[in-house]
Amino acid sequence: MHAGPEDHLTIGDIVRRTGVPASALHFYERKGLIFSERDGGNQRIFSRHMLRRISLIIVAKRLHIPLSDVAKILATLPTDRAPTHKDWQRVSRTWKKQLEERRRAIEKLEQELTGCIGCGCLSMKACLLLNPDDTLRDHGPGPVRLQKPATSLPAELTRHSPDAGR
């Protein structure tokens, strides 16, 4: 028998179809990422369109996209009906922009670190990891020059030299 788009799936069906453990599905439901209903026997049942939401969660997890980001995107989709093609196109455009920004940030980091870490000494004048005398301590934790846009740091701290901030 062929299942229709309005048919419901049990949690066992969802687990088999997605490979996601029931405990994770319960967690996603508590976080508002997916939704279920209760049948006459008080069993949790899911609309078939939840499979696509779960698939997006799986992909996002593989790409290390925080669940909070996934939640923001999924919050724009209807929960009471299957999203339309137009709904998914809108979500795709939003997600594509975010992924492009992420790719640019990764490529920039790769270029910056190739010279810095690649040298093995971490003492190059252009090293973005340098923080002589801990001059960047008031600008946040971690490798501040790598994590923050140059526009958010004072000009004297954006120079890539050991004398920056002295």
# chains A, B, ... in the order shown; residues from 1 in each chain; ligands from 1
call {"tool": "closest_atom_pairs", "arguments": {"of": "region 75-105 of chain A", "to": "region 24-44 of chain A", "cutoff": "9 Å", "atoms": "only C-alpha atoms", "output": "CSV"}}
result
residue,atom,partner,partner_atom,distance
A:Ala75,CA,A:Leu33,CA,7.6
A:Thr79,CA,A:Phe35,CA,7.1
A:Asp80,CA,A:Phe35,CA,9.0
call {"tool": "write_last_selection", "arguments": {"atoms": "all heavy atoms", "output": "compact mmCIF listing (two decimals), in the first residue's frame"}}
result
# COMPACT_ATOMS: atom_id res chain seq x y z
N ALA A 75 11.62 27.48 12.13
CA ALA A 75 10.53 28.26 12.72
C ALA A 75 9.76 29.04 11.66
O ALA A 75 8.62 29.45 11.89
CB ALA A 75 11.08 29.22 13.79
N THR A 79 3.84 24.35 10.67
CA THR A 79 3.90 23.08 11.41
C THR A 79 2.61 22.28 11.26
O THR A 79 2.60 21.09 11.48
CB THR A 79 4.15 23.34 12.91
OG1 THR A 79 3.10 24.17 13.41
CG2 THR A 79 5.49 24.00 13.13
N ASP A 80 1.55 22.96 10.86
CA ASP A 80 0.24 22.32 10.79
C ASP A 80 -0.07 21.70 9.42
O ASP A 80 -1.11 21.09 9.24
CB ASP A 80 -0.85 23.34 11.15
CG ASP A 80 -0.86 24.54 10.21
OD1 ASP A 80 0.17 24.80 9.55
OD2 ASP A 80 -1.89 25.23 10.16
call {"tool": "residues_around", "arguments": {"residues": "Asp69 (chain A)", "least_positions_apart": "3", "cutoff": "12 Å", "atoms": "only C-alpha atoms", "output": "mmCIF file with N, CA, C and O atoms, in the first residue's frame"}}
result
data_model
loop_
_atom_site.group_PDB
_atom_site.id
_atom_site.type_symbol
_atom_site.label_atom_id
_atom_site.label_comp_id
_atom_site.auth_asym_id
_atom_site.auth_seq_id
_atom_site.Cartn_x
_atom_site.Cartn_y
_atom_site.Cartn_z
ATOM 1 N N LYS A 31 12.674 20.912 21.702
ATOM 2 C CA LYS A 31 13.304 22.143 21.196
ATOM 3 C C LYS A 31 12.452 22.846 20.136
ATOM 4 O O LYS A 31 12.811 23.908 19.647
ATOM 5 N N LEU A 33 11.787 21.745 17.085
ATOM 6 C CA LEU A 33 12.274 21.513 15.723
ATOM 7 C C LEU A 33 11.331 20.623 14.931
ATOM 8 O O LEU A 33 11.218 20.755 13.712
ATOM 9 N N LEU A 56 16.872 17.590 7.387
ATOM 10 C CA LEU A 56 17.634 18.842 7.465
ATOM 11 C C LEU A 56 18.445 18.928 8.754
ATOM 12 O O LEU A 56 19.581 19.403 8.758
ATOM 13 N N ILE A 57 17.868 18.455 9.838
ATOM 14 C CA ILE A 57 18.588 18.438 11.113
ATOM 15 C C ILE A 57 19.819 17.542 11.000
ATOM 16 O O ILE A 57 20.907 17.898 11.465
ATOM 17 N N ALA A 60 22.413 19.337 8.893
ATOM 18 C CA ALA A 60 22.980 20.449 9.663
ATOM 19 C C ALA A 60 23.957 19.939 10.721
ATOM 20 O O ALA A 60 25.034 20.517 10.921
ATOM 21 N N LYS A 61 23.591 18.855 11.363
ATOM 22 C CA LYS A 61 24.468 18.272 12.387
ATOM 23 C C LYS A 61 25.796 17.843 11.768
ATOM 24 O O LYS A 61 26.860 18.096 12.324
ATOM 25 N N LEU A 63 27.201 19.123 9.237
ATOM 26 C CA LEU A 63 27.944 20.331 8.862
ATOM 27 C C LEU A 63 28.302 21.187 10.079
ATOM 28 O O LEU A 63 28.812 22.284 9.933
ATOM 29 N N HIS A 64 27.984 20.696 11.265
ATOM 30 C CA HIS A 64 28.270 21.403 12.524
ATOM 31 C C HIS A 64 27.540 22.738 12.611
ATOM 32 O O HIS A 64 28.060 23.704 13.168
ATOM 33 N N ILE A 65 26.344 22.783 12.056
ATOM 34 C CA ILE A 65 25.501 23.967 12.174
ATOM 35 C C ILE A 65 24.745 23.844 13.494
ATOM 36 O O ILE A 65 24.098 22.830 13.744
ATOM 37 N N PRO A 66 24.843 24.846 14.337
ATOM 38 C CA PRO A 66 24.172 24.763 15.641
ATOM 39 C C PRO A 66 22.665 24.566 15.506
ATOM 40 O O PRO A 66 22.033 25.118 14.602
ATOM 41 N N LYS A 72 15.913 28.433 14.002
ATOM 42 C CA LYS A 72 15.479 29.711 13.418
ATOM 43 C C LYS A 72 14.923 29.499 12.010
ATOM 44 O O LYS A 72 13.914 30.101 11.641
ATOM 45 N N ILE A 73 15.577 28.654 11.256
ATOM 46 C CA ILE A 73 15.120 28.411 9.879
ATOM 47 C C ILE A 73 13.816 27.613 9.898
ATOM 48 O O ILE A 73 12.871 27.947 9.189
ATOM 49 N N LEU A 74 13.771 26.554 10.695
ATOM 50 C CA LEU A 74 12.569 25.718 10.729
ATOM 51 C C LEU A 74 11.371 26.468 11.301
ATOM 52 O O LEU A 74 10.230 26.157 10.968
ATOM 53 N N ALA A 75 11.623 27.479 12.135
ATOM 54 C CA ALA A 75 10.531 28.264 12.719
ATOM 55 C C ALA A 75 9.760 29.045 11.662
ATOM 56 O O ALA A 75 8.622 29.449 11.894
ATOM 57 N N THR A 76 10.360 29.229 10.500
ATOM 58 C CA THR A 76 9.682 29.973 9.431
ATOM 59 C C THR A 76 8.767 29.068 8.600
ATOM 60 O O THR A 76 8.059 29.557 7.723
ATOM 61 N N THR A 94 17.588 31.265 2.286
ATOM 62 C CA THR A 94 18.138 31.715 3.567
ATOM 63 C C THR A 94 19.333 30.856 3.958
ATOM 64 O O THR A 94 20.394 31.366 4.335
ATOM 65 N N TRP A 95 19.163 29.556 3.863
ATOM 66 C CA TRP A 95 20.227 28.647 4.264
ATOM 67 C C TRP A 95 21.426 28.792 3.326
ATOM 68 O O TRP A 95 22.570 28.746 3.756
ATOM 69 N N GLN A 98 23.534 31.696 4.403
ATOM 70 C CA GLN A 98 24.308 31.367 5.605
ATOM 71 C C GLN A 98 25.483 30.455 5.269
ATOM 72 O O GLN A 98 26.585 30.633 5.786
ATOM 73 N N LEU A 99 25.247 29.471 4.408
ATOM 74 C CA LEU A 99 26.322 28.551 4.033
ATOM 75 C C LEU A 99 27.409 29.263 3.226
ATOM 76 O O LEU A 99 28.599 28.982 3.399
#
call {"tool": "closest_residue", "arguments": {"among": "A:Leu77, A:Ile54, A:Ala105, A:Val144", "to": "Ala22 (chain A)", "atoms": "only C-alpha atoms"}}
result
A:Ile54
call {"tool": "atom_distance", "arguments": {"atom1": "CA of Pro78 (chain A)", "atom2": "CA of Lys97 (chain A)"}}
result
21.1 Å
call {"tool": "select_by_dssp", "arguments": {"residues": "region 3-150 of chain A", "states": "strand (DSSP E or B)", "output": "tab-separated table (two decimals) with N, CA, C and O atoms, in the first residue's frame"}}
result
chain	number	residue	atom	x	y	z
A	8	HIS	N	0.20	9.45	8.70
A	8	HIS	CA	1.06	9.67	9.87
A	8	HIS	C	2.00	8.50	10.07
A	8	HIS	O	1.70	7.38	9.66
A	9	LEU	N	3.10	8.78	10.72
A	9	LEU	CA	4.11	7.77	11.02
A	9	LEU	C	4.28	7.68	12.53
A	9	LEU	O	4.26	8.69	13.23
A	10	THR	N	4.50	6.46	13.00
A	10	THR	CA	4.78	6.28	14.43
A	10	THR	C	6.24	6.67	14.68
A	10	THR	O	7.03	6.82	13.75
A	37	GLU	N	1.69	14.53	17.13
A	37	GLU	CA	0.33	14.55	17.68
A	37	GLU	C	0.17	13.24	18.46
A	37	GLU	O	1.08	12.42	18.47
A	38	ARG	N	-0.98	13.07	19.05
A	38	ARG	CA	-1.29	11.82	19.74
A	38	ARG	C	-2.47	11.16	19.04
A	38	ARG	O	-3.42	11.83	18.65
A	44	ARG	N	2.44	8.68	20.18
A	44	ARG	CA	2.99	9.81	19.44
A	44	ARG	C	2.99	9.45	17.95
A	44	ARG	O	3.51	8.40	17.57
A	45	ILE	N	2.42	10.31	17.10
A	45	ILE	CA	2.45	10.11	15.66
A	45	ILE	C	2.93	11.41	14.99
A	45	ILE	O	2.70	12.50	15.49
A	46	PHE	N	3.63	11.23	13.89
A	46	PHE	CA	4.23	12.36	13.18
A	46	PHE	C	3.65	12.48	11.78
A	46	PHE	O	3.44	11.47	11.11
A	47	SER	N	3.43	13.70	11.34
A	47	SER	CA	3.06	13.93	9.95
A	47	SER	C	4.26	13.55	9.10
A	47	SER	O	5.42	13.73	9.50
call {"tool": "atom_distance", "arguments": {"atom1": "CA of Arg145 (chain A)", "atom2": "CA of Ala71 (chain A)"}}
result
29.3 Å
call {"tool": "closest_residue", "arguments": {"among": "A:Ser55, A:Ser68, A:Gln89, A:Thr114", "to": "Val15 (chain A)", "atoms": "only C-alpha atoms"}}
result
A:Ser55
call {"tool": "select_by_dssp", "arguments": {"residues": "region 25-57 of chain A", "states": "alpha helix (DSSP H)", "output": "list in words"}}
result
Leu25, His26, Phe27, Tyr28, Glu29, Arg30, Met50, Leu51, Arg52, Arg53, Ile54, Ser55, Leu56 and Ile57 of chain A
call {"tool": "write_last_selection", "arguments": {"atoms": "N, CA and C atoms", "output": "compact mmCIF listing (two decimals), in the first residue's frame"}}
result
# COMPACT_ATOMS: atom_id res chain seq x y z
N LEU A 25 14.77 12.26 18.81
CA LEU A 25 13.51 12.81 18.30
C LEU A 25 12.74 13.52 19.42
N HIS A 26 12.74 12.93 20.60
CA HIS A 26 12.08 13.58 21.74
C HIS A 26 12.77 14.91 22.05
N PHE A 27 14.09 14.92 22.00
CA PHE A 27 14.86 16.14 22.24
C PHE A 27 14.50 17.20 21.20
N TYR A 28 14.49 16.83 19.91
CA TYR A 28 14.15 17.77 18.84
C TYR A 28 12.74 18.32 19.02
N GLU A 29 11.86 17.45 19.50
CA GLU A 29 10.49 17.90 19.73
C GLU A 29 10.43 18.90 20.88
N ARG A 30 11.14 18.64 21.96
CA ARG A 30 11.18 19.58 23.08
C ARG A 30 11.75 20.93 22.66
N MET A 50 7.41 15.70 8.52
CA MET A 50 8.46 15.84 9.54
C MET A 50 9.74 15.12 9.11
N LEU A 51 9.62 14.15 8.21
CA LEU A 51 10.82 13.46 7.71
C LEU A 51 11.80 14.44 7.09
N ARG A 52 11.29 15.42 6.34
CA ARG A 52 12.18 16.40 5.70
C ARG A 52 12.84 17.28 6.75
N ARG A 53 12.09 17.69 7.77
CA ARG A 53 12.68 18.49 8.85
C ARG A 53 13.81 17.70 9.52
N ILE A 54 13.55 16.44 9.79
CA ILE A 54 14.56 15.61 10.45
C ILE A 54 15.77 15.43 9.54
N SER A 55 15.54 15.28 8.26
CA SER A 55 16.65 15.16 7.30
C SER A 55 17.51 16.42 7.32
N LEU A 56 16.87 17.59 7.39
CA LEU A 56 17.63 18.84 7.47
C LEU A 56 18.45 18.93 8.75
N ILE A 57 17.87 18.46 9.84
CA ILE A 57 18.59 18.44 11.11
C ILE A 57 19.82 17.54 11.00
call {"tool": "atom_distance", "arguments": {"atom1": "CA of Arg48 (chain A)", "atom2": "CA of Ala82 (chain A)"}}
result
8.1 Å
